[in-house]
file coords36.cif (mmCIF, C-alpha atoms)
data_coords
#
loop_
_atom_site.label_atom_id
_atom_site.label_comp_id
_atom_site.auth_asym_id
_atom_site.auth_seq_id
_atom_site.Cartn_x
_atom_site.Cartn_y
_atom_site.Cartn_z
CA MET A 1 0.00 0.00 0.00
CA LEU A 2 1.46 3.34 -1.02
CA ASP A 3 1.91 6.05 1.57
CA ASN A 4 -0.70 8.78 1.07
CA LYS A 5 1.94 11.41 0.19
CA THR A 6 3.49 9.14 -2.40
CA TYR A 7 0.08 8.30 -3.85
CA GLN A 8 -0.80 11.98 -4.15
CA TYR A 9 2.54 12.89 -5.72
CA ASN A 10 2.30 10.02 -8.21
CA LYS A 11 -1.12 11.22 -9.38
CA ILE A 12 0.08 14.83 -9.67
CA ALA A 13 3.18 13.72 -11.58
CA GLU A 14 1.00 11.68 -13.97
CA ALA A 15 -1.18 14.73 -14.55
CA ILE A 16 1.80 17.02 -15.21
CA ALA A 17 3.34 14.55 -17.67
CA PHE A 18 0.00 14.20 -19.47
CA ILE A 19 -0.40 17.97 -19.75
CA ASP A 20 3.18 18.33 -21.03
CA ASP A 21 2.47 15.79 -23.75
CA ASN A 22 -0.88 17.31 -24.70
CA HIS A 23 -0.51 21.02 -23.89
CA LYS A 24 -1.29 22.15 -27.44
CA GLY A 25 -4.77 20.69 -27.09
CA GLN A 26 -5.35 22.41 -23.71
CA PRO A 27 -6.77 19.25 -22.05
CA SER A 28 -9.84 19.79 -19.89
CA LEU A 29 -10.13 18.86 -16.22
CA ASP A 30 -12.25 15.85 -17.25
CA ALA A 31 -9.59 14.65 -19.69
CA ILE A 32 -6.77 14.96 -17.14
CA ALA A 33 -8.85 13.21 -14.47
CA GLU A 34 -9.68 10.38 -16.86
CA HIS A 35 -5.99 9.92 -17.68
CA VAL A 36 -5.06 9.47 -14.01
CA ASN A 37 -8.07 7.17 -13.42
CA LEU A 38 -9.92 9.48 -11.07
CA SER A 39 -13.29 11.18 -11.26
CA PRO A 40 -13.08 14.93 -12.01
CA PHE A 41 -14.44 15.68 -8.54
CA HIS A 42 -11.90 13.43 -6.78
CA PHE A 43 -9.02 14.71 -8.92
CA GLN A 44 -9.90 18.35 -8.21
CA ARG A 45 -10.16 17.61 -4.48
CA LEU A 46 -6.87 15.67 -4.45
CA PHE A 47 -5.13 18.49 -6.27
CA LYS A 48 -6.39 21.06 -3.79
CA GLU A 49 -5.33 18.86 -0.88
CA TRP A 50 -1.83 18.65 -2.34
CA VAL A 51 -1.23 22.34 -3.15
CA GLY A 52 -4.26 24.24 -1.95
CA ILE A 53 -5.27 25.62 -5.36
CA SER A 54 -7.08 24.42 -8.47
CA PRO A 55 -5.28 22.43 -11.20
CA LYS A 56 -5.82 25.30 -13.65
CA LYS A 57 -4.08 27.81 -11.41
CA TYR A 58 -1.31 25.37 -10.54
CA LEU A 59 -0.60 24.76 -14.22
CA LYS A 60 0.10 28.47 -14.61
CA PHE A 61 3.03 28.05 -12.24
CA ILE A 62 4.65 25.33 -14.34
CA SER A 63 4.41 27.15 -17.66
CA SER A 64 7.41 28.72 -19.39
CA ASN A 65 5.51 32.02 -19.60
CA TYR A 66 5.22 32.13 -15.81
CA ALA A 67 8.91 31.25 -15.46
CA LYS A 68 9.94 34.00 -17.86
CA SER A 69 7.77 36.57 -16.08
CA LEU A 70 9.34 35.60 -12.75
CA LEU A 71 12.83 36.02 -14.17
CA ARG A 72 11.91 39.44 -15.64
CA LYS A 73 10.58 40.67 -12.30
CA LYS A 74 14.05 40.87 -10.81
CA GLU A 75 15.12 44.50 -10.76
CA SER A 76 18.50 43.81 -9.17
CA ASN A 77 21.00 41.02 -9.26
CA LEU A 78 19.52 38.00 -7.50
CA PHE A 79 22.47 37.71 -5.16
CA ASP A 80 23.05 41.39 -4.32
CA THR A 81 20.38 41.67 -1.63
CA ALA A 82 18.53 39.57 0.91
CA PHE A 83 15.67 39.47 -1.60
CA GLU A 84 12.37 41.27 -1.55
CA MET A 85 10.65 38.27 -0.01
CA GLY A 86 12.18 39.04 3.36
CA LEU A 87 13.48 36.72 6.04
CA SER A 88 10.33 35.18 7.49
CA GLY A 89 7.95 32.40 6.53
CA THR A 90 8.69 30.43 3.39
CA GLY A 91 10.62 33.35 1.93
CA ARG A 92 13.37 32.77 4.49
CA LEU A 93 16.75 32.26 2.87
CA HIS A 94 18.21 28.77 2.72
CA ASP A 95 21.66 30.12 3.50
CA MET A 96 20.46 31.34 6.90
CA PHE A 97 20.07 27.81 8.20
CA VAL A 98 21.86 25.45 5.81
CA THR A 99 25.65 25.26 6.13
CA ILE A 100 28.02 23.36 3.85
CA GLU A 101 31.28 21.85 5.00
CA GLY A 102 33.47 20.27 2.34
CA MET A 103 34.94 16.87 3.13
CA THR A 104 38.68 16.78 3.58
CA PRO A 105 40.68 14.61 1.18
CA GLY A 106 41.25 12.17 4.03
CA GLU A 107 37.51 11.79 4.64
CA TYR A 108 36.78 10.45 1.18
CA LYS A 109 40.16 8.95 0.39
CA TYR A 110 39.92 5.28 -0.55
CA GLY A 111 36.18 5.47 -1.11
CA GLY A 112 35.27 6.98 2.24
CA SER A 113 36.96 4.28 4.31
CA SER A 114 37.15 6.65 7.30
CA LEU A 115 33.40 7.40 7.27
CA ILE A 116 30.52 5.89 9.20
CA ILE A 117 27.28 6.78 7.42
CA ASN A 118 23.75 6.49 8.82
CA TYR A 119 20.98 6.32 6.25
CA SER A 120 17.20 5.98 6.19
CA PHE A 121 14.20 6.36 3.88
CA ALA A 122 11.34 8.81 4.39
CA GLU A 123 8.18 10.03 2.66
CA THR A 124 8.04 13.55 1.27
CA PRO A 125 5.40 15.43 -0.75
CA PHE A 126 7.36 14.36 -3.86
CA GLY A 127 7.77 10.67 -3.19
CA GLU A 128 10.20 8.64 -1.13
CA ILE A 129 13.69 9.92 -0.38
CA ILE A 130 16.93 8.42 0.92
CA VAL A 131 18.88 10.60 3.32
CA ALA A 132 22.34 9.81 4.71
CA ALA A 133 24.66 11.49 7.18
CA THR A 134 28.19 11.27 8.54
CA ASN A 135 29.08 12.45 12.06
CA LYS A 136 29.39 15.98 10.62
CA GLY A 137 26.18 16.34 8.61
CA ILE A 138 24.08 15.22 5.65
CA CYS A 139 26.23 13.76 2.87
CA HIS A 140 23.55 12.46 0.49
CA MET A 141 19.85 13.04 -0.14
CA ALA A 142 18.06 11.72 -3.21
CA PHE A 143 14.53 10.97 -4.38
CA SER A 144 14.08 7.23 -4.64
CA GLU A 145 11.91 5.16 -6.95
CA ASN A 146 13.54 1.96 -5.70
CA ASN A 147 15.10 1.71 -2.23
CA VAL A 148 17.54 -1.04 -3.19
CA LEU A 149 18.89 0.95 -6.14
CA ALA A 150 18.98 4.14 -4.04
CA PHE A 151 21.17 2.45 -1.44
CA GLU A 152 23.41 0.96 -4.13
CA GLU A 153 23.91 4.47 -5.54
CA LEU A 154 24.92 5.70 -2.09
CA GLN A 155 27.35 2.78 -1.71
CA ALA A 156 28.88 3.57 -5.12
CA ILE A 157 29.72 7.10 -3.94
CA PHE A 158 31.36 5.87 -0.72
CA PRO A 159 32.22 2.22 -1.49
CA ASN A 160 34.39 1.65 1.59
CA ALA A 161 32.32 3.47 4.21
CA ILE A 162 30.52 1.68 7.02
CA PHE A 163 26.72 1.99 6.64
CA ASN A 164 24.07 1.82 9.36
CA GLN A 165 20.37 1.96 8.53
CA LYS A 166 19.14 4.24 11.30
CA VAL A 167 17.72 7.73 11.77
CA ASP A 168 19.85 10.40 13.43
CA LYS A 169 19.34 14.07 14.31
CA PHE A 170 21.02 15.32 11.13
CA GLN A 171 18.46 13.42 9.08
CA GLN A 172 15.53 14.60 11.21
CA ASP A 173 16.59 18.26 10.88
CA ALA A 174 16.99 17.89 7.11
CA LEU A 175 13.57 16.31 6.60
CA PHE A 176 11.90 19.10 8.57
CA ILE A 177 12.43 21.30 5.48
CA PHE A 178 9.43 19.64 3.80
CA ARG A 179 7.05 21.12 6.38
CA ASN A 180 5.44 24.46 5.62
CA ASP A 181 6.05 25.80 9.12
CA TRP A 182 9.74 26.64 9.52
CA THR A 183 9.48 28.59 12.77
CA ASN A 184 11.34 25.91 14.74
CA LEU A 185 13.74 24.88 12.00
CA ASN A 186 17.18 23.92 13.30
CA GLU A 187 20.42 24.60 11.48
CA ILE A 188 20.97 21.93 8.85
CA LYS A 189 24.56 20.83 8.36
CA LEU A 190 25.79 19.32 5.11
CA HIS A 191 29.04 17.38 4.82
CA LEU A 192 29.82 17.13 1.12
CA LYS A 193 32.38 15.64 -1.21
CA GLY A 194 33.06 18.11 -4.01
CA THR A 195 35.61 20.33 -5.75
CA LYS A 196 36.00 23.96 -4.69
CA PHE A 197 34.08 25.01 -7.80
CA GLN A 198 31.21 22.60 -7.08
CA LEU A 199 30.97 23.76 -3.46
CA LYS A 200 30.79 27.41 -4.61
CA VAL A 201 27.97 26.56 -7.03
CA TRP A 202 26.03 24.60 -4.40
CA GLU A 203 26.44 27.44 -1.88
CA ALA A 204 25.11 29.92 -4.47
CA LEU A 205 22.02 27.73 -4.97
CA LEU A 206 21.20 28.15 -1.28
CA SER A 207 20.64 31.86 -1.91
CA ILE A 208 17.69 31.31 -4.26
CA PRO A 209 14.60 31.95 -2.13
CA TYR A 210 11.59 29.70 -1.89
CA GLY A 211 9.25 30.07 -4.85
CA ASN A 212 11.77 31.97 -6.97
CA LEU A 213 13.82 30.93 -9.98
CA SER A 214 17.29 31.65 -11.29
CA THR A 215 19.27 30.80 -14.43
CA TYR A 216 22.57 29.06 -15.04
CA GLY A 217 24.03 32.36 -16.18
CA GLU A 218 22.99 34.12 -12.97
CA ILE A 219 24.61 31.42 -10.87
CA ALA A 220 27.80 31.79 -12.94
CA GLU A 221 27.72 35.55 -12.30
CA ALA A 222 27.13 34.97 -8.59
CA ILE A 223 30.28 32.88 -8.20
CA GLN A 224 32.26 35.37 -10.33
CA HIS A 225 32.72 32.99 -13.27
CA PRO A 226 30.39 34.69 -15.79
CA LYS A 227 31.60 32.60 -18.72
CA ALA A 228 31.24 29.28 -16.92
CA SER A 229 27.52 28.61 -17.44
CA ARG A 230 28.18 25.16 -18.87
CA ALA A 231 30.46 24.18 -15.97
CA VAL A 232 27.84 25.56 -13.58
CA GLY A 233 25.23 23.34 -15.25
CA THR A 234 27.47 20.29 -14.76
CA ALA A 235 28.01 21.15 -11.08
CA ILE A 236 24.28 21.61 -10.59
CA GLY A 237 23.66 18.24 -12.24
CA ASN A 238 26.07 16.68 -9.72
CA ASN A 239 24.31 18.18 -6.72
CA PRO A 240 24.24 15.37 -4.10
CA ILE A 241 21.48 16.89 -1.94
CA ALA A 242 17.99 16.87 -3.43
CA TYR A 243 15.66 19.74 -2.53
CA LEU A 244 17.75 21.09 0.38
CA ILE A 245 20.24 22.44 -2.15
CA PRO A 246 17.56 23.80 -4.48
CA CYS A 247 18.93 23.00 -7.92
CA HIS A 248 15.27 22.61 -9.00
CA ARG A 249 15.05 26.43 -8.91
CA VAL A 250 17.56 26.84 -11.74
CA ILE A 251 16.07 26.96 -15.24
CA GLN A 252 17.07 28.06 -18.72
CA LYS A 253 17.07 31.76 -19.59
CA SER A 254 14.34 31.05 -22.17
CA GLY A 255 11.95 30.01 -19.39
CA LYS A 256 12.21 26.29 -20.15
CA PHE A 257 12.61 24.26 -17.01
CA GLY A 258 15.29 21.95 -18.40
CA GLY A 259 16.46 18.66 -16.97
CA TYR A 260 16.63 17.39 -13.40
CA HIS A 261 18.66 14.55 -11.93
CA TRP A 262 15.56 13.21 -10.16
CA ASN A 263 13.15 13.47 -13.12
CA PRO A 264 12.11 16.69 -14.94
CA THR A 265 8.45 16.07 -14.05
CA ARG A 266 9.38 16.10 -10.36
CA LYS A 267 11.19 19.42 -10.94
CA LYS A 268 8.02 20.96 -12.33
CA ALA A 269 5.97 19.52 -9.48
CA ILE A 270 8.30 21.07 -6.90
CA ILE A 271 8.42 24.47 -8.64
CA GLY A 272 4.64 24.60 -8.90
CA TRP A 273 4.15 23.41 -5.31
CA GLU A 274 6.51 26.07 -3.92
CA ALA A 275 4.97 28.85 -6.01
CA SER A 276 1.43 27.91 -4.97
CA ILE A 277 2.34 27.78 -1.26
CA LEU A 278 4.00 31.19 -1.49
CA GLU A 279 0.93 32.54 -3.27
CA ASN A 280 -1.29 31.31 -0.42
CA GLU A 281 0.73 32.98 2.34
#
call {"tool": "encode", "arguments": {"input": "coords36.cif", "output": "structure tokens"}}
result
Amino acid sequence: MLDNKTYQYNKIAEAIAFIDDNHKGQPSLDAIAEHVNLSPFHFQRLFKEWVGISPKKYLKFISSNYAKSLLRKKESNLFDTAFEMGLSGTGRLHDMFVTIEGMTPGEYKYGGSSLIINYSFAETPFGEIIVAATNKGICHMAFSENNVLAFEELQAIFPNAIFNQKVDKFQQDALFIFRNDWTNLNEIKLHLKGTKFQLKVWEALLSIPYGNLSTYGEIAEAIQHPKASRAVGTAIGNNPIAYLIPCHRVIQKSGKFGGYHWNPTRKKAIIGWEASILENE
């Protein structure tokens, strides 16, 4: 039996994929509901339970026109200020409570043989996730379609580490990010294996506020490598921490959402979900 959150996300993801494939025909609510094997009434209700708004309004948030308008709204460089959204509620900046510490060469030498890693699986609004931590912080967080394969991917990154399947405080703090109420959010520590360039890119991503979008070029500007958009894209694609490091908020300058390591449909779902929650505040 699927967890209720996973069931809801799966239905929303099906609907988004169907709309993407049939957007030229502007499918009706009835057509979308039929595709996901739900009555129009049940589908509408499920959608509202998931994001609090109607499917029609939600679809506005995952259109390229909406993305382009959001990018045009910026009157100053995205990283020059603390952003117009302020420092409270869901507009609070990631970099106020997420800290990145790069692993030392010794910590990942010989496949992480010096590391003891705790890992667990949890439900999120976007499906199941694997989250893993060393004694210094979260080292891996990825959406999972298959728990066995997700763990094998983690093992491939740190082949000689010692793994324990158990929940620790680092994991609990990280998963709290999926709640809408962040008033009691603790500092989230990340302990990451990456080059200096990758760490700079991932730190820049933390400065993109909830419900907003940036481009690869803007991230390149932010880290003072304006001609390195392609290298920035590669670093973003290698982001080891799903959602917490919000690489889903980086899109193409044209307004197209582009790819996503954990499925482009999931990227659209997250962008739309965040935008709709911000709209309801």
call {"tool": "resolve_selection", "arguments": {"input": "coords36.cif", "expression": "the PyMOL selection byres ((chain A and resi 7) around 12)", "output": "list in words"}}
result
Met1, Leu2, Asp3, Asn4, Lys5, Thr6, Gln8, Tyr9, Asn10, Lys11, Ile12, Ala13, Glu14, Val36, Leu46, Phe47, Trp50, Glu123, Thr124, Pro125, Phe126, Gly127 and Glu128 of chain A
call {"tool": "write_last_selection", "arguments": {"input": "coords36.cif", "atoms": "C-alpha atoms", "output": "CSV table (one decimal), in the frame of the given file"}}
result
chain,number,residue,atom,x,y,z
A,1,MET,CA,0.0,0.0,0.0
A,2,LEU,CA,1.5,3.3,-1.0
A,3,ASP,CA,1.9,6.0,1.6
A,4,ASN,CA,-0.7,8.8,1.1
A,5,LYS,CA,1.9,11.4,0.2
A,6,THR,CA,3.5,9.1,-2.4
A,8,GLN,CA,-0.8,12.0,-4.2
A,9,TYR,CA,2.5,12.9,-5.7
A,10,ASN,CA,2.3,10.0,-8.2
A,11,LYS,CA,-1.1,11.2,-9.4
A,12,ILE,CA,0.1,14.8,-9.7
A,13,ALA,CA,3.2,13.7,-11.6
A,14,GLU,CA,1.0,11.7,-14.0
A,36,VAL,CA,-5.1,9.5,-14.0
A,46,LEU,CA,-6.9,15.7,-4.4
A,47,PHE,CA,-5.1,18.5,-6.3
A,50,TRP,CA,-1.8,18.6,-2.3
A,123,GLU,CA,8.2,10.0,2.7
A,124,THR,CA,8.0,13.6,1.3
A,125,PRO,CA,5.4,15.4,-0.8
A,126,PHE,CA,7.4,14.4,-3.9
A,127,GLY,CA,7.8,10.7,-3.2
A,128,GLU,CA,10.2,8.6,-1.1
call {"tool": "closest_residue", "arguments": {"input": "coords36.cif", "among": "A:Lys57, A:Lys196, A:Lys189, A:His261", "to": "Asn238 of chain A", "atoms": "only C-alpha atoms"}}
result
A:His261
call {"tool": "closest_residue", "arguments": {"input": "coords36.cif", "among": "A:Gln224, A:Ser113, A:Phe43, A:Ala242", "to": "Ala142 of chain A", "atoms": "all atoms listed in the file"}}
result
A:Ala242
call {"tool": "atom_distance", "arguments": {"input": "coords36.cif", "atom1": "atom CA of Leu278 of chain A", "atom2": "atom CA of Tyr210 of chain A"}}
result
7.7 Å
call {"tool": "residues_around", "arguments": {"input": "coords36.cif", "residues": "Ile236 of chain A", "least_positions_apart": "5", "cutoff": "9 Å", "atoms": "all atoms listed in the file", "output": "list in words"}}
result
Gln198, Val201, Trp202, Leu205, Tyr216, Ala231, Cys247 and Val250 of chain A
call {"tool": "write_last_selection", "arguments": {"input": "coords36.cif", "atoms": "C-alpha atoms", "output": "mmCIF file, in the coordinates of the input"}}
result
data_model
loop_
_atom_site.group_PDB
_atom_site.id
_atom_site.type_symbol
_atom_site.label_atom_id
_atom_site.label_comp_id
_atom_site.auth_asym_id
_atom_site.auth_seq_id
_atom_site.Cartn_x
_atom_site.Cartn_y
_atom_site.Cartn_z
ATOM 1 C CA GLN A 198 31.210 22.600 -7.080
ATOM 2 C CA VAL A 201 27.970 26.560 -7.030
ATOM 3 C CA TRP A 202 26.030 24.600 -4.400
ATOM 4 C CA LEU A 205 22.020 27.730 -4.970
ATOM 5 C CA TYR A 216 22.570 29.060 -15.040
ATOM 6 C CA ALA A 231 30.460 24.180 -15.970
ATOM 7 C CA CYS A 247 18.930 23.000 -7.920
ATOM 8 C CA VAL A 250 17.560 26.840 -11.740
#
call {"tool": "residues_around", "arguments": {"input": "coords36.cif", "residues": "Gln172 of chain A", "least_positions_apart": "2", "cutoff": "10 Å", "atoms": "all atoms listed in the file", "output": "PDB file with C-alpha atoms, in the frame of the given file"}}
result
ATOM      1  CA  ALA A 122      11.340   8.810   4.390  1.00  0.00           C
ATOM      2  CA  VAL A 131      18.880  10.600   3.320  1.00  0.00           C
ATOM      3  CA  VAL A 167      17.720   7.730  11.770  1.00  0.00           C
ATOM      4  CA  ASP A 168      19.850  10.400  13.430  1.00  0.00           C
ATOM      5  CA  LYS A 169      19.340  14.070  14.310  1.00  0.00           C
ATOM      6  CA  PHE A 170      21.020  15.320  11.130  1.00  0.00           C
ATOM      7  CA  ALA A 174      16.990  17.890   7.110  1.00  0.00           C
ATOM      8  CA  LEU A 175      13.570  16.310   6.600  1.00  0.00           C
ATOM      9  CA  PHE A 176      11.900  19.100   8.570  1.00  0.00           C
ATOM     10  CA  ILE A 177      12.430  21.300   5.480  1.00  0.00           C
ATOM     11  CA  ASN A 186      17.180  23.920  13.300  1.00  0.00           C
ATOM     12  CA  ILE A 188      20.970  21.930   8.850  1.00  0.00           C
TER      13      ILE A 188
END
call {"tool": "residues_around", "arguments": {"input": "coords36.cif", "residues": "Glu279 of chain A", "least_positions_apart": "6", "cutoff": "10 Å", "atoms": "only C-alpha atoms", "output": "ChimeraX atom specification"}}
result
/A:52-53,211,273
call {"tool": "closest_residue", "arguments": {"input": "coords36.cif", "among": "A:Thr234, A:Asn147, A:Gln252, A:Thr195", "to": "Gly217 of chain A", "atoms": "all atoms listed in the file"}}
result
A:Gln252
call {"tool": "residues_near_point", "arguments": {"input": "coords36.cif", "point": "(17.4, 2.4, -8.1)", "cutoff": "12 Å", "atoms": "all atoms listed in the file", "output": "PyMOL selection string"}}
result
chain A and resi 128-130+142-156+262
call {"tool": "atom_distance", "arguments": {"input": "coords36.cif", "atom1": "atom CA of Leu244 of chain A", "atom2": "atom CA of Ile162 of chain A"}}
result
24.2 Å
call {"tool": "atom_distance", "arguments": {"input": "coords36.cif", "atom1": "atom CA of Ala204 of chain A", "atom2": "atom CA of Lys253 of chain A"}}
result
17.2 Å
call {"tool": "decode", "arguments": {"input": "coords36.cif", "residues": "segment 141-160 of chain A", "atoms": "N, CA and C atoms", "output": "PDB file, in the first residue's frame"}}
result
ATOM      1  N   MET A 141      21.298  12.987  -0.248  1.00  0.00           N
ATOM      2  CA  MET A 141      19.847  13.045  -0.136  1.00  0.00           C
ATOM      3  C   MET A 141      19.291  12.974  -1.546  1.00  0.00           C
ATOM      4  N   ALA A 142      18.499  11.939  -1.832  1.00  0.00           N
ATOM      5  CA  ALA A 142      18.055  11.721  -3.209  1.00  0.00           C
ATOM      6  C   ALA A 142      16.662  11.125  -3.235  1.00  0.00           C
ATOM      7  N   PHE A 143      15.845  11.583  -4.189  1.00  0.00           N
ATOM      8  CA  PHE A 143      14.533  10.973  -4.377  1.00  0.00           C
ATOM      9  C   PHE A 143      14.731   9.553  -4.880  1.00  0.00           C
ATOM     10  N   SER A 144      13.881   8.658  -4.393  1.00  0.00           N
ATOM     11  CA  SER A 144      14.077   7.235  -4.637  1.00  0.00           C
ATOM     12  C   SER A 144      12.831   6.599  -5.234  1.00  0.00           C
ATOM     13  N   GLU A 145      12.992   5.957  -6.378  1.00  0.00           N
ATOM     14  CA  GLU A 145      11.907   5.162  -6.950  1.00  0.00           C
ATOM     15  C   GLU A 145      12.033   3.703  -6.515  1.00  0.00           C
ATOM     16  N   ASN A 146      13.246   3.327  -6.096  1.00  0.00           N
ATOM     17  CA  ASN A 146      13.537   1.959  -5.702  1.00  0.00           C
ATOM     18  C   ASN A 146      14.577   2.007  -4.591  1.00  0.00           C
ATOM     19  N   ASN A 147      14.215   1.576  -3.386  1.00  0.00           N
ATOM     20  CA  ASN A 147      15.102   1.709  -2.234  1.00  0.00           C
ATOM     21  C   ASN A 147      16.401   0.933  -2.378  1.00  0.00           C
ATOM     22  N   VAL A 148      16.331  -0.224  -3.001  1.00  0.00           N
ATOM     23  CA  VAL A 148      17.542  -1.038  -3.188  1.00  0.00           C
ATOM     24  C   VAL A 148      18.533  -0.303  -4.090  1.00  0.00           C
ATOM     25  N   LEU A 149      18.022   0.215  -5.214  1.00  0.00           N
ATOM     26  CA  LEU A 149      18.887   0.946  -6.139  1.00  0.00           C
ATOM     27  C   LEU A 149      19.402   2.245  -5.511  1.00  0.00           C
ATOM     28  N   ALA A 150      18.575   2.894  -4.703  1.00  0.00           N
ATOM     29  CA  ALA A 150      18.983   4.137  -4.045  1.00  0.00           C
ATOM     30  C   ALA A 150      20.146   3.881  -3.095  1.00  0.00           C
ATOM     31  N   PHE A 151      20.071   2.784  -2.353  1.00  0.00           N
ATOM     32  CA  PHE A 151      21.173   2.454  -1.435  1.00  0.00           C
ATOM     33  C   PHE A 151      22.428   2.058  -2.205  1.00  0.00           C
ATOM     34  N   GLU A 152      22.255   1.342  -3.308  1.00  0.00           N
ATOM     35  CA  GLU A 152      23.405   0.960  -4.129  1.00  0.00           C
ATOM     36  C   GLU A 152      24.099   2.201  -4.698  1.00  0.00           C
ATOM     37  N   GLU A 153      23.327   3.217  -5.056  1.00  0.00           N
ATOM     38  CA  GLU A 153      23.905   4.469  -5.545  1.00  0.00           C
ATOM     39  C   GLU A 153      24.722   5.139  -4.448  1.00  0.00           C
ATOM     40  N   LEU A 154      24.197   5.138  -3.223  1.00  0.00           N
ATOM     41  CA  LEU A 154      24.924   5.704  -2.089  1.00  0.00           C
ATOM     42  C   LEU A 154      26.226   4.935  -1.851  1.00  0.00           C
ATOM     43  N   GLN A 155      26.157   3.611  -1.897  1.00  0.00           N
ATOM     44  CA  GLN A 155      27.350   2.783  -1.708  1.00  0.00           C
ATOM     45  C   GLN A 155      28.397   3.052  -2.794  1.00  0.00           C
ATOM     46  N   ALA A 156      27.943   3.313  -4.014  1.00  0.00           N
ATOM     47  CA  ALA A 156      28.877   3.570  -5.116  1.00  0.00           C
ATOM     48  C   ALA A 156      29.661   4.865  -4.900  1.00  0.00           C
ATOM     49  N   ILE A 157      29.048   5.834  -4.215  1.00  0.00           N
ATOM     50  CA  ILE A 157      29.718   7.101  -3.945  1.00  0.00           C
ATOM     51  C   ILE A 157      30.771   6.941  -2.850  1.00  0.00           C
ATOM     52  N   PHE A 158      30.442   6.122  -1.839  1.00  0.00           N
ATOM     53  CA  PHE A 158      31.356   5.869  -0.716  1.00  0.00           C
ATOM     54  C   PHE A 158      31.512   4.351  -0.543  1.00  0.00           C
ATOM     55  N   PRO A 159      32.209   3.684  -1.467  1.00  0.00           N
ATOM     56  CA  PRO A 159      32.224   2.217  -1.490  1.00  0.00           C
ATOM     57  C   PRO A 159      32.850   1.551  -0.271  1.00  0.00           C
ATOM     58  N   ASN A 160      33.702   2.269   0.444  1.00  0.00           N
ATOM     59  CA  ASN A 160      34.386   1.648   1.586  1.00  0.00           C
ATOM     60  C   ASN A 160      33.924   2.186   2.935  1.00  0.00           C
TER      61      ASN A 160
END
